[in-house]
Amino acid sequence: MMRDGFEAIINALACVFIAYMLISLFYLYVAVGESFGKVAMALFDSRVLGALTISVLSAFIVGSLAVAVGIPAAYLLTFKEFRGKEALQMLLVDMPQTFPPVTEGLVYLLMFGRFGLAYTFAAVIIAKFYVSAPFTVSFLTRRWREVKNDGYPIIARSLGARTRHLVSWVMLPLSARDLLAGFSLTWARAMGELAATLVFAGAIPWRTETIPTLVYLTSQGAPEIAMAASVIAETLSLIALFSFRWIGGGRK
Amino acid sequence: MSDFQIDGVSKSYGSNKVLDNISLSLEPQETMVIMGPSGCGKTTLLLITLGALAPDQGEVIVGGKSVNNIPIEDRGIGYVPQDFGLFPHLTVYGNIAFGLRVRNMEDGEIRRAVGSLLEAFKLEGLAERKPRELSGGQKQRVALARALGISPSLLLLDEPLSNIDEATKVEVRRNLKDTLTKLKVTTLCVVHDPEDAFMLGDRIAVMYYGRIIQCAVPDELLRDPKDDVVRKLIAPVYVLKRTQT
C-alpha cells in the first residue's frame, strides 16, 4: 500500500526511467527480429566481418596495452607522494571520459598525421586507447590503495621485498580480479569508440573500419548491414558487462 | 653499548605533535614494552623505527649507526602488525617463505628453514592452510615465524594481543613470552593493556601524549610510579596483584 502521493510519483517516475532504459537496450533485438532474414544474411557480409575483426582485435590490443601501462601508473599513483598527484589522477583517469572524442581524433591527426600514422590500424589503437585505458588504471589504482591501507606493502618491504617482489608477489595477486574487471571495461569501451577512430583512422574496410564506424556509415544506405553490426556490438558489450560483473562479484 | 636506540625522535602531523623528543635504548635480547593509551603515539614510534615513516627530528640507531637514511627493505627489522598482516593469497608456508624467497635462497634451503620455523612455532600440519583458516593464536605464530625468518636485528610487535580472543588470550600471551625469552631477539613491543605490558616486558616505557614519562623494570614501576598519570595507567595491575595475593 502506498504511504503517500509523493511516494507514488517517485515510483511512477522510476518505472518510466526503467522502462525507457530497458526498451532502449532491447529494442534493437526486436527490430532485428522484424527483418531477421536480411540481417542474418548481412551478418556474413565481408564488410561486417572485417569490421568485427578490426574491432575485436584492436580492443584486445588496447586492453593489453592498458594493463601494461596501468601497472606502472597505479604504482605511481599509489606509492609516490608528490605535489599535484590528485590533479594528475584527474587528468589521467577522469578527463579522458569527458574529453570530446572527435577533438581527440583531430589532436592525433595533427600530432601523428605527419608521421604517416593516420588511416592505419595503429591509428585505430591510438584513438581507442585514450578513452579506454583509464578504466584499467582507475580499477587498479583503487584496489592498490586498499591493499596499501591494509598494510601489506609495509610488511613485504620489512621482509626485504624490492619493488619487483612487491608488485609481482603482493600487489598483482591481490588485485587480479580488479585487473581483469578493468581489462573487460577497457575492452568494452574500446569496442564502442567511434568519433576519434573515424577522424584519425578513417573507415577503410578490413584495415581501419570498426563496428561503430560501419554502423555510422551504413545506417542510411544499408540499414540491414548497420543492424547486423549493431547487434554484434550490443551482444558483445552485454557479454563484456556480465563478465565484468561476474569477475567483480567474486572479489572479497 | 646498547643494540638499538631511539634518540630524540619527534614527529608532528600539522600542528599536532604526535611524538615529542622520544629517547629509548634497548639492551641486547631485551623485550621493551611501550605502554600507553590509544592515540598516544606508540604505533607512530614503531613505524618510524621500522622505516615506514620519517621522523621530523632525531635518529633511529641500530648497532651504533643511524639507519634514518636506510630504506625499510634494507633495515633488517622484523615487524608484526596488529592484525598480523598475513598475505591472504599465500599459504602459511608461502607467508613464512616470503622473506627467504626475496633473498634468493635456494628452494631446498628455504624448505629446510621454513620446516624448522614451522616446528619451532608449533605450526606443523598447517603449512598448506590459508590465513583465513587459522585461529588468532595460529596467525600470530605464523606472523612471528615470518618476521623472525629473516633473522632480524630487532623485532617490532604492534599490539600483539589485541586480535586474540579473550578465551585464549592468557595462553597466547604466555606462549608469546616464552617464545621471546627462548629466541633471545631484541624486541620492541607496543601495547595498551597494562596487564600485557607487565607480562611481556623486561622493561616498560610508559607513554602519554607523545612523551615517555617513565621507563623501568615492572617491579620498580609498581613500587615507585613516577606520578599520578603512571599510577592511573598501571592501576589495573595493582588490582590484579591485590586479588592474586
# chains A, B, ... in the order shown; residues from 1 in each chain; ligands from 1

call {"tool": "closest_atom_pairs", "arguments": {"of": "chain B", "to": "chain A", "cutoff": "6 Å", "atoms": "only C-alpha atoms", "output": "CSV"}}
result
residue,atom,partner,partner_atom,distance
B:Ile72,CA,A:Ser158,CA,5.7
B:Glu73,CA,A:Gly160,CA,4.1
B:Gly99,CA,A:Leu159,CA,4.7
B:Val102,CA,A:Ala161,CA,5.8

call {"tool": "residues_around", "arguments": {"residues": "Ile247 in chain A", "least_positions_apart": "3", "cutoff": "7 Å", "atoms": "only C-alpha atoms", "output": "PyMOL selection string"}}
result
chain A and resi 177+181+243-244+250

call {"tool": "write_last_selection", "arguments": {"atoms": "all heavy atoms", "output": "CSV table (one decimal), in the first residue's frame"}}
result
chain,number,residue,atom,x,y,z
A,177,ARG,N,41.6,-9.8,-9.8
A,177,ARG,CA,40.2,-9.6,-10.2
A,177,ARG,C,39.9,-8.2,-10.7
A,177,ARG,O,39.2,-8.0,-11.7
A,177,ARG,CB,39.2,-10.0,-9.1
A,177,ARG,CG,39.1,-11.5,-8.9
A,177,ARG,CD,38.1,-11.8,-7.7
A,177,ARG,NE,37.9,-13.2,-7.6
A,177,ARG,CZ,37.1,-13.9,-8.4
A,177,ARG,NH1,36.4,-13.3,-9.3
A,177,ARG,NH2,37.0,-15.2,-8.2
A,181,ALA,N,38.7,-7.1,-14.3
A,181,ALA,CA,37.5,-6.2,-14.5
A,181,ALA,C,37.8,-5.0,-15.2
A,181,ALA,O,37.1,-4.6,-16.1
A,181,ALA,CB,36.9,-5.9,-13.1
A,243,SER,N,30.6,-10.4,-17.8
A,243,SER,CA,31.9,-10.9,-17.4
A,243,SER,C,32.4,-10.1,-16.3
A,243,SER,O,33.0,-10.5,-15.3
A,243,SER,CB,32.9,-11.0,-18.5
A,243,SER,OG,32.3,-11.3,-19.7
A,244,PHE,N,32.3,-8.7,-16.5
A,244,PHE,CA,32.8,-7.8,-15.6
A,244,PHE,C,32.1,-8.0,-14.2
A,244,PHE,O,32.8,-8.0,-13.2
A,244,PHE,CB,32.6,-6.4,-16.1
A,244,PHE,CG,32.7,-5.3,-15.1
A,244,PHE,CD1,33.9,-4.9,-14.5
A,244,PHE,CD2,31.5,-4.7,-14.7
A,244,PHE,CE1,33.9,-3.9,-13.5
A,244,PHE,CE2,31.6,-3.7,-13.7
A,244,PHE,CZ,32.8,-3.3,-13.2
A,250,GLY,N,33.0,-11.8,-7.5
A,250,GLY,CA,33.8,-12.8,-6.8
A,250,GLY,C,34.8,-12.2,-5.8
A,250,GLY,O,35.4,-12.9,-5.1

call {"tool": "residues_around", "arguments": {"residues": "Pro223 in chain A", "least_positions_apart": "3", "cutoff": "12 Å", "atoms": "only C-alpha atoms", "output": "number ranges by chain"}}
result
A: 31-32, 35, 38-39, 42, 214-220, 226-231

call {"tool": "residues_around", "arguments": {"residues": "Cys189 in chain B", "least_positions_apart": "2", "cutoff": "7 Å", "atoms": "only C-alpha atoms", "output": "mmCIF file with C-alpha atoms, in the first residue's frame"}}
result
data_model
loop_
_atom_site.group_PDB
_atom_site.id
_atom_site.type_symbol
_atom_site.label_atom_id
_atom_site.label_comp_id
_atom_site.auth_asym_id
_atom_site.auth_seq_id
_atom_site.Cartn_x
_atom_site.Cartn_y
_atom_site.Cartn_z
ATOM 1 C CA MET B 32 60.982 -3.429 25.875
ATOM 2 C CA VAL B 33 57.278 -2.728 26.043
ATOM 3 C CA ILE B 34 55.911 0.712 25.239
ATOM 4 C CA LEU B 156 58.729 -4.908 16.389
ATOM 5 C CA LEU B 157 55.361 -6.061 17.708
ATOM 6 C CA ASP B 158 52.334 -3.790 17.375
ATOM 7 C CA THR B 187 62.157 -6.751 20.842
ATOM 8 C CA VAL B 191 50.570 -2.472 23.949
#

call {"tool": "select_by_dssp", "arguments": {"residues": "range 27-95 of chain B", "states": "strand (DSSP E or B)", "output": "list in words"}}
result
Thr31, Met32, Val33, Ile34, Met35, Gln57, Gly58, Glu59, Val60, Ile61, Val62, Lys65, Ser66, Ile77, Gly78, Tyr79 and Val80 of chain B

call {"tool": "write_last_selection", "arguments": {"atoms": "all heavy atoms", "output": "tab-separated table (two decimals), in the first residue's frame"}}
result
chain	number	residue	atom	x	y	z
B	31	THR	N	63.31	-7.41	25.92
B	31	THR	CA	61.99	-7.04	25.40
B	31	THR	C	61.54	-5.77	26.10
B	31	THR	O	61.32	-5.77	27.31
B	31	THR	CB	60.96	-8.16	25.66
B	31	THR	OG1	61.36	-9.33	24.95
B	31	THR	CG2	59.58	-7.74	25.15
B	32	MET	N	61.45	-4.71	25.33
B	32	MET	CA	60.98	-3.43	25.88
B	32	MET	C	59.55	-3.23	25.43
B	32	MET	O	59.24	-3.34	24.24
B	32	MET	CB	61.87	-2.30	25.34
B	32	MET	CG	61.28	-0.92	25.46
B	32	MET	SD	61.61	-0.14	27.04
B	32	MET	CE	63.29	0.42	26.80
B	33	VAL	N	58.68	-2.98	26.39
B	33	VAL	CA	57.28	-2.73	26.04
B	33	VAL	C	56.98	-1.24	26.18
B	33	VAL	O	57.32	-0.62	27.19
B	33	VAL	CB	56.33	-3.53	26.96
B	33	VAL	CG1	54.89	-3.09	26.76
B	33	VAL	CG2	56.44	-5.03	26.66
B	34	ILE	N	56.40	-0.67	25.14
B	34	ILE	CA	55.91	0.71	25.24
B	34	ILE	C	54.43	0.63	25.53
B	34	ILE	O	53.67	0.05	24.74
B	34	ILE	CB	56.17	1.49	23.94
B	34	ILE	CG1	57.66	1.52	23.65
B	34	ILE	CG2	55.61	2.90	24.05
B	34	ILE	CD1	58.01	2.19	22.36
B	35	MET	N	54.05	1.14	26.68
B	35	MET	CA	52.65	1.02	27.10
B	35	MET	C	52.01	2.41	27.18
B	35	MET	O	52.64	3.36	27.66
B	35	MET	CB	52.60	0.36	28.48
B	35	MET	CG	51.21	0.05	28.95
B	35	MET	SD	51.19	-0.17	30.73
B	35	MET	CE	51.01	1.49	31.28
B	57	GLN	N	62.53	14.93	13.56
B	57	GLN	CA	63.83	15.13	14.22
B	57	GLN	C	64.25	13.83	14.87
B	57	GLN	O	63.40	12.98	15.14
B	57	GLN	CB	63.69	16.16	15.35
B	57	GLN	CG	63.78	17.58	14.89
B	57	GLN	CD	63.44	18.54	16.02
B	57	GLN	OE1	63.37	18.15	17.19
B	57	GLN	NE2	63.23	19.78	15.66
B	58	GLY	N	65.53	13.72	15.16
B	58	GLY	CA	66.02	12.56	15.91
B	58	GLY	C	66.45	11.42	15.02
B	58	GLY	O	66.29	11.47	13.80
B	59	GLU	N	67.01	10.39	15.67
B	59	GLU	CA	67.60	9.29	14.90
B	59	GLU	C	67.21	7.94	15.46
B	59	GLU	O	67.00	7.79	16.66
B	59	GLU	CB	69.12	9.41	14.95
B	59	GLU	CG	69.65	10.47	14.00
B	59	GLU	CD	71.15	10.48	13.99
B	59	GLU	OE1	71.73	10.67	15.08
B	59	GLU	OE2	71.73	10.28	12.92
B	60	VAL	N	67.14	6.97	14.55
B	60	VAL	CA	66.99	5.57	14.94
B	60	VAL	C	68.37	4.95	14.72
B	60	VAL	O	68.94	5.06	13.63
B	60	VAL	CB	65.93	4.86	14.07
B	60	VAL	CG1	65.86	3.39	14.42
B	60	VAL	CG2	64.56	5.52	14.25
B	61	ILE	N	68.92	4.35	15.78
B	61	ILE	CA	70.30	3.85	15.70
B	61	ILE	C	70.32	2.35	15.94
B	61	ILE	O	69.80	1.86	16.96
B	61	ILE	CB	71.19	4.58	16.75
B	61	ILE	CG1	71.22	6.09	16.42
B	61	ILE	CG2	72.60	4.01	16.76
B	61	ILE	CD1	71.70	6.96	17.56
B	62	VAL	N	70.86	1.61	14.98
B	62	VAL	CA	70.98	0.16	15.12
B	62	VAL	C	72.47	-0.19	15.05
B	62	VAL	O	73.15	0.21	14.10
B	62	VAL	CB	70.19	-0.59	14.02
B	62	VAL	CG1	70.34	-2.10	14.18
B	62	VAL	CG2	68.72	-0.22	14.05
B	65	LYS	N	74.88	2.68	14.46
B	65	LYS	CA	74.80	3.52	13.25
B	65	LYS	C	73.37	3.99	13.01
B	65	LYS	O	72.43	3.22	13.20
B	65	LYS	CB	75.24	2.71	12.02
B	65	LYS	CG	76.72	2.48	11.95
B	65	LYS	CD	77.07	1.70	10.70
B	65	LYS	CE	78.54	1.29	10.75
B	65	LYS	NZ	78.84	0.21	9.82
B	66	SER	N	73.26	5.24	12.56
B	66	SER	CA	71.93	5.77	12.24
B	66	SER	C	71.38	5.04	11.01
B	66	SER	O	72.08	4.84	10.03
B	66	SER	CB	72.03	7.26	11.94
B	66	SER	OG	70.81	7.70	11.37
B	77	ILE	N	64.69	-5.26	10.02
B	77	ILE	CA	63.89	-5.20	11.24
B	77	ILE	C	62.61	-6.02	11.01
B	77	ILE	O	61.90	-5.80	10.04
B	77	ILE	CB	63.55	-3.73	11.60
B	77	ILE	CG1	64.82	-2.98	11.99
B	77	ILE	CG2	62.53	-3.68	12.74
B	77	ILE	CD1	64.63	-1.52	12.31
B	78	GLY	N	62.35	-6.97	11.90
B	78	GLY	CA	61.14	-7.79	11.77
B	78	GLY	C	59.94	-7.03	12.30
B	78	GLY	O	60.05	-6.28	13.28
B	79	TYR	N	58.79	-7.21	11.65
B	79	TYR	CA	57.61	-6.43	12.04
B	79	TYR	C	56.37	-7.30	12.04
B	79	TYR	O	56.09	-7.99	11.06
B	79	TYR	CB	57.47	-5.27	11.04
B	79	TYR	CG	56.19	-4.48	11.15
B	79	TYR	CD1	55.81	-3.87	12.34
B	79	TYR	CD2	55.39	-4.30	10.02
B	79	TYR	CE1	54.63	-3.13	12.41
B	79	TYR	CE2	54.21	-3.55	10.09
B	79	TYR	CZ	53.84	-2.96	11.29
B	79	TYR	OH	52.70	-2.23	11.36
B	80	VAL	N	55.64	-7.27	13.15
B	80	VAL	CA	54.36	-7.99	13.23
B	80	VAL	C	53.28	-6.96	13.55
B	80	VAL	O	53.24	-6.43	14.67
B	80	VAL	CB	54.39	-9.09	14.32
B	80	VAL	CG1	53.04	-9.77	14.42
B	80	VAL	CG2	55.47	-10.12	14.01

call {"tool": "residues_around", "arguments": {"residues": "Asp193 in chain B", "least_positions_apart": "4", "cutoff": "10 Å", "atoms": "only C-alpha atoms", "output": "PyMOL selection string"}}
result
chain B and resi 35-38+159+161-162+197-198+233-234+236-237

call {"tool": "write_last_selection", "arguments": {"atoms": "N, CA and C atoms", "output": "PDB file, in the first residue's frame"}}
result
ATOM      1  N   MET B  35      54.045   1.135  26.684  1.00  0.00           N
ATOM      2  CA  MET B  35      52.648   1.024  27.104  1.00  0.00           C
ATOM      3  C   MET B  35      52.012   2.409  27.177  1.00  0.00           C
ATOM      4  N   GLY B  36      50.804   2.509  26.673  1.00  0.00           N
ATOM      5  CA  GLY B  36      50.121   3.799  26.755  1.00  0.00           C
ATOM      6  C   GLY B  36      48.735   3.688  26.163  1.00  0.00           C
ATOM      7  N   PRO B  37      47.895   4.673  26.435  1.00  0.00           N
ATOM      8  CA  PRO B  37      46.527   4.614  25.909  1.00  0.00           C
ATOM      9  C   PRO B  37      46.504   4.781  24.389  1.00  0.00           C
ATOM     10  N   SER B  38      45.377   4.426  23.765  1.00  0.00           N
ATOM     11  CA  SER B  38      45.238   4.567  22.318  1.00  0.00           C
ATOM     12  C   SER B  38      45.471   6.024  21.918  1.00  0.00           C
ATOM     13  N   GLU B 159      50.802  -4.166  19.206  1.00  0.00           N
ATOM     14  CA  GLU B 159      49.610  -4.710  19.882  1.00  0.00           C
ATOM     15  C   GLU B 159      49.413  -6.204  19.577  1.00  0.00           C
ATOM     16  N   LEU B 161      48.481  -8.699  21.117  1.00  0.00           N
ATOM     17  CA  LEU B 161      47.405  -9.483  21.740  1.00  0.00           C
ATOM     18  C   LEU B 161      46.017  -8.888  21.523  1.00  0.00           C
ATOM     19  N   SER B 162      45.948  -7.802  20.745  1.00  0.00           N
ATOM     20  CA  SER B 162      44.641  -7.139  20.630  1.00  0.00           C
ATOM     21  C   SER B 162      43.672  -7.889  19.720  1.00  0.00           C
ATOM     22  N   ALA B 197      51.522  -5.593  29.242  1.00  0.00           N
ATOM     23  CA  ALA B 197      52.838  -4.957  29.347  1.00  0.00           C
ATOM     24  C   ALA B 197      53.659  -5.601  30.468  1.00  0.00           C
ATOM     25  N   PHE B 198      53.035  -5.816  31.627  1.00  0.00           N
ATOM     26  CA  PHE B 198      53.750  -6.398  32.766  1.00  0.00           C
ATOM     27  C   PHE B 198      54.119  -7.857  32.518  1.00  0.00           C
ATOM     28  N   LEU B 233      47.606   4.748  34.942  1.00  0.00           N
ATOM     29  CA  LEU B 233      47.711   3.852  33.777  1.00  0.00           C
ATOM     30  C   LEU B 233      47.972   2.405  34.176  1.00  0.00           C
ATOM     31  N   ILE B 234      48.708   2.217  35.288  1.00  0.00           N
ATOM     32  CA  ILE B 234      49.017   0.833  35.677  1.00  0.00           C
ATOM     33  C   ILE B 234      48.072   0.318  36.767  1.00  0.00           C
ATOM     34  N   PRO B 236      45.144  -1.120  36.773  1.00  0.00           N
ATOM     35  CA  PRO B 236      44.583  -2.470  36.660  1.00  0.00           C
ATOM     36  C   PRO B 236      45.532  -3.545  37.175  1.00  0.00           C
ATOM     37  N   VAL B 237      46.847  -3.296  37.048  1.00  0.00           N
ATOM     38  CA  VAL B 237      47.820  -4.305  37.502  1.00  0.00           C
ATOM     39  C   VAL B 237      47.845  -4.359  39.031  1.00  0.00           C
TER      40      VAL B 237
END

call {"tool": "residues_around", "arguments": {"residues": "Val217 in chain B", "least_positions_apart": "2", "cutoff": "12 Å", "atoms": "only C-alpha atoms", "output": "list of chain:residue names"}}
result
B:Glu30, B:Thr31, B:Met32, B:Val33, B:Ile34, B:Ala197, B:Phe198, B:Met199, B:Leu200, B:Gly201, B:Asp202, B:Arg203, B:Ile204, B:Ala205, B:Val206, B:Gln214, B:Cys215, B:Asp219, B:Glu220, B:Leu221, B:Leu222, B:Arg223, B:Asp224, B:Pro225

call {"tool": "write_last_selection", "arguments": {"atoms": "C-alpha atoms", "output": "short mmCIF file (atom, residue, chain, number, x, y, z; two decimals), in the first residue's frame"}}
result
data_model
loop_
_atom_site.label_atom_id
_atom_site.label_comp_id
_atom_site.auth_asym_id
_atom_site.auth_seq_id
_atom_site.Cartn_x
_atom_site.Cartn_y
_atom_site.Cartn_z
CA GLU B 30 65.75 -7.37 25.89
CA THR B 31 61.99 -7.04 25.40
CA MET B 32 60.98 -3.43 25.88
CA VAL B 33 57.28 -2.73 26.04
CA ILE B 34 55.91 0.71 25.24
CA ALA B 197 52.84 -4.96 29.35
CA PHE B 198 53.75 -6.40 32.77
CA MET B 199 53.60 -9.96 31.45
CA LEU B 200 55.69 -9.40 28.31
CA GLY B 201 58.20 -6.66 29.13
CA ASP B 202 61.65 -6.92 30.66
CA ARG B 203 61.27 -3.16 30.91
CA ILE B 204 58.25 -0.95 30.38
CA ALA B 205 58.24 2.56 28.92
CA VAL B 206 55.06 4.39 29.83
CA GLN B 214 58.78 6.67 32.92
CA CYS B 215 60.87 3.72 31.81
CA ASP B 219 58.68 -4.26 39.76
CA GLU B 220 60.15 -0.79 40.01
CA LEU B 221 57.22 0.67 38.09
CA LEU B 222 54.79 -0.93 40.53
CA ARG B 223 56.82 0.06 43.57
CA ASP B 224 57.69 3.57 42.56
CA PRO B 225 55.44 5.08 39.88
#

call {"tool": "closest_residue", "arguments": {"among": "B:Thr44, B:Asn21, B:Ser153, B:Ser15", "to": "Arg75 in chain B", "atoms": "only C-alpha atoms"}}
result
B:Ser153

call {"tool": "residues_around", "arguments": {"residues": "Ala66 in chain A", "least_positions_apart": "5", "cutoff": "10 Å", "atoms": "only C-alpha atoms", "output": "list in words"}}
result
Phe60, Ile61, Ile71, Ala73, Phe129, Tyr130, Ser132, Ala133, Pro134, Phe135, Thr136, Val137, Leu179, Gly182, Phe183, Thr186 and Trp187 of chain A

call {"tool": "closest_residue", "arguments": {"among": "A:Ala74, A:Ala68, A:Leu28, A:Ile126", "to": "Met171 in chain A", "atoms": "only C-alpha atoms"}}
result
A:Ala74

call {"tool": "closest_residue", "arguments": {"among": "B:Lys226, B:Lys11, B:Arg111, B:Lys232", "to": "Lys42 in chain B", "atoms": "only C-alpha atoms"}}
result
B:Lys11

call {"tool": "atom_distance", "arguments": {"atom1": "CA of Leu52 in chain A", "atom2": "CA of Trp206 in chain A"}}
result
9.1 Å

call {"tool": "closest_residue", "arguments": {"among": "B:Lys139, B:His89, B:Arg231, B:Lys130", "to": "Pro194 in chain B", "atoms": "only C-alpha atoms"}}
result
B:Arg231

call {"tool": "select_by_dssp", "arguments": {"residues": "range 40-150 of chain B", "states": "helix (DSSP H, G or I)", "output": "ChimeraX atom specification"}}
result
/B:42-50,72-75,92-102,107-120,131-133,136-149

call {"tool": "atom_distance", "arguments": {"atom1": "CA of Leu117 in chain B", "atom2": "CA of Pro28 in chain B"}}
result
22.0 Å

call {"tool": "closest_residue", "arguments": {"among": "B:Gly51, B:Gly85, B:Gly149, B:Gly64", "to": "Phe98 in chain B", "atoms": "only C-alpha atoms"}}
result
B:Gly149

call {"tool": "atom_distance", "arguments": {"atom1": "CA of Ile70 in chain B", "atom2": "CA of Glu146 in chain A"}}
result
26.1 Å
